[in-house]
Each structure stands twice: as C-alpha cells, then as structure tokens.
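One structure below.
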Amino acid sequence: MKRTAVLGALAVVVLTQAGCATQVKSLPLAAAAGESRGGVPVYFGQQDHPAVRTRLGDVSYSVRIARKVAGPDDACHEALAEAVQKLRAAASERHANAVIDVSTRFHSTESNSSTEFTCGVSPSAAAIAVKGQLVVLESN
C-alpha cells in the first residue's frame with residue numbers, strides 16, 4: 001500500500017512537470033514584424049549595410065516577458081521586438097545611427113543569422129538575449 005501511494009505521488013509530480021520545460025526555438029526574422037526597419041536600423045548577422053565610419057562599442061540586453069495567452073512563436077517575436085527596441089534606445093543615447101552584427105541567444109544556443117533568431121519559451125515566459133555593435137554608418 002505504501003509503495004502504491006509513493007508511486008502515485010511520483011506519477012502526479014512527473015505529469016504536472018512534463019509541460020514546464022523551456023523550449024529553445026529558432027524562428028524566421030521575416031515574421032518578426034520588421035525589426036530591421038525603424039528609426040535606427042538594426043542589421044542581424046552579416047546583413048549588408050553601408051560602410052562603418054565609427055565604431056562606438058558593443059551592447060547587449062536580455063529580455064524576459066510573460067507569455068500571457070500568446071502562442072510560443074508570438075511570445076518570442078514580442079520578446080525580440082522589446083530587445084530590438086533596447087538596442088535602438090542604446091544607439092540613440094550613444095549617437096549611433098545603426099546597430100550591426102546583431103546576434104540572438106538563449107543560454108548556450110546562439111544565432112548569428114541574418115534570417116533567423118533564437119528564443120527560449122516556456123508555458124509562462126519567453127526570453128532572449130541580443131548583442132550587437134553600435135556604429136555610425138556612412139550616409140548614402
């Protein structure tokens with residue numbers, strides 16, 4: 001009887017924790033609501049950009065947002081949008097006119113892609129880390 005109770009309790013714990021794992025996702029940037037457009041251009045990976053006139057340094061941010069009722073992909077896109085906004089704000093503060101070589105990361109999974117980004121998502125939150133170089137680009 002005692003063994004049955006312990007096995008039953010263990011089964012309940014396993015079943016309740018089965019959906020709590022964080023999933024690492026790689027999603028297309030094209031579906032990310034145009035993060036490369038806006039006041040300060042953001043260039044992911046090795047995207048082409050005008051020549052660099054001045055390098056102002058590296059910047060990085062981590063963002064974690066509550067999932068609300070959004071699906072996992074929508075939550076990742078929302079986290080990316082918030083992270084990109086932080087990059088743009090840092091560029092404006094430091095008088096940069098672009099952020100280049102932007103990479104995304106979740107824990108040890110990193111993407112330096114110009115077409116995809118990496119995000120971690122759980123049933124309760126989405127998280128992403130971004131880093132890039134603040135620069136002044138030559139004007140066309």
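Chain labels A, B, ... are given in the sequence in which chains occur in the structure tokens; within each chain residues are numbered consecutively from 1, and ligands are likewise numbered from 1 in the order shown.
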Step one, run DSSP on the backbone; step two, keep only residues of range 7-133 of chain A assigned to alpha helix (DSSP H); then write them as JSON, numbers by chain.
{"A": [7, 8, 9, 10, 11, 12, 13, 14, 15, 16, 17, 72, 73, 74, 75, 76, 77, 78, 79, 80, 81, 82, 83, 84, 85, 86, 87, 88, 89, 90, 91, 92, 93]}
Residues near Ala66 in chain A, cut-off 9 Å, only C-alpha atoms, skip fewer than 3 positions along chain, as an mmCIF file with C-alpha atoms, in the first residue's frame:
```
data_model
loop_
_atom_site.group_PDB
_atom_site.id
_atom_site.type_symbol
_atom_site.label_atom_id
_atom_site.label_comp_id
_atom_site.auth_asym_id
_atom_site.auth_seq_id
_atom_site.Cartn_x
_atom_site.Cartn_y
_atom_site.Cartn_z
ATOM 1 C CA ALA A 75 5.779 35.431 -27.399
ATOM 2 C CA SER A 124 4.882 31.127 -18.596
ATOM 3 C CA ALA A 125 7.510 33.266 -20.361
ATOM 4 C CA ALA A 126 9.700 33.931 -23.392
ATOM 5 C CA ALA A 127 13.320 35.025 -23.107
#
```
Report the distance between CA of Val136 in chain A and CA of Arg64 in chain A in Å, rounded to one decimal place.
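About the pair CA of Val136 in chain A and CA of Arg64 in chain A: they are 28.8 Å apart.
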Could you jot down the CA of Leu56 in chain A to CA of Tyr43 in chain A separation for me, Å, one decimal place?
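Between these atoms lies a distance of 15.4 Å.
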When you look at Phe44 in chain A with a cut-off of 9 Å (counting only C-alpha atoms), what residues show up, excluding the ones that are within fewer than 6 positions of it in the same chain? I need them as a short mmCIF file (atom, residue, chain, number, x, y, z; two decimals) with N, CA and C atoms, in the first residue's frame.
```cif
data_model
loop_
_atom_site.label_atom_id
_atom_site.label_comp_id
_atom_site.auth_asym_id
_atom_site.auth_seq_id
_atom_site.Cartn_x
_atom_site.Cartn_y
_atom_site.Cartn_z
N LEU A 29 13.30 35.68 -38.96
CA LEU A 29 13.24 37.12 -38.69
C LEU A 29 12.18 37.80 -39.53
N SER A 36 14.22 45.13 -38.52
CA SER A 36 15.33 45.83 -39.15
C SER A 36 14.89 47.20 -39.70
N VAL A 99 22.79 49.65 -35.55
CA VAL A 99 23.33 48.54 -34.76
C VAL A 99 23.59 47.42 -35.76
N ILE A 100 24.84 46.94 -35.80
CA ILE A 100 25.20 45.90 -36.77
C ILE A 100 25.64 44.63 -36.06
N ASP A 101 25.77 43.56 -36.84
CA ASP A 101 26.24 42.26 -36.35
C ASP A 101 25.43 41.78 -35.15
N VAL A 102 24.13 41.97 -35.20
CA VAL A 102 23.27 41.58 -34.08
C VAL A 102 23.12 40.06 -34.07
N SER A 103 23.33 39.49 -32.90
CA SER A 103 23.12 38.06 -32.71
C SER A 103 22.11 37.87 -31.59
N THR A 104 21.46 36.72 -31.60
CA THR A 104 20.47 36.39 -30.57
C THR A 104 20.92 35.13 -29.87
N ASN A 112 23.81 33.77 -35.10
CA ASN A 112 24.35 34.98 -35.73
C ASN A 112 23.80 35.07 -37.15
N SER A 113 22.57 34.65 -37.32
CA SER A 113 21.93 34.55 -38.62
C SER A 113 21.30 35.87 -39.04
N SER A 114 21.24 36.08 -40.34
CA SER A 114 20.53 37.25 -40.85
C SER A 114 19.09 36.89 -41.23
N THR A 115 18.70 35.62 -41.02
CA THR A 115 17.35 35.19 -41.39
C THR A 115 16.57 34.57 -40.23
N GLU A 116 17.24 34.18 -39.14
CA GLU A 116 16.57 33.53 -38.01
C GLU A 116 17.06 34.11 -36.69
N PHE A 117 16.25 33.92 -35.65
CA PHE A 117 16.67 34.30 -34.31
C PHE A 117 16.37 33.16 -33.34
N GLY A 132 25.01 43.40 -30.12
CA GLY A 132 25.38 43.98 -31.39
C GLY A 132 26.40 45.09 -31.20
#
```
Exercise: Ala89 in chain A partners within 9 Å, only C-alpha atoms, chain neighbours under 5 positions left out, as a list of chain:residue names
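Those residues are A:Val40, A:Val84, A:Arg94.
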Interatomic distance between CA of Ala98 in chain A and CA of Pro41 in chain A?
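Separating CA of Ala98 in chain A from CA of Pro41 in chain A is a distance of 5.0 Å.
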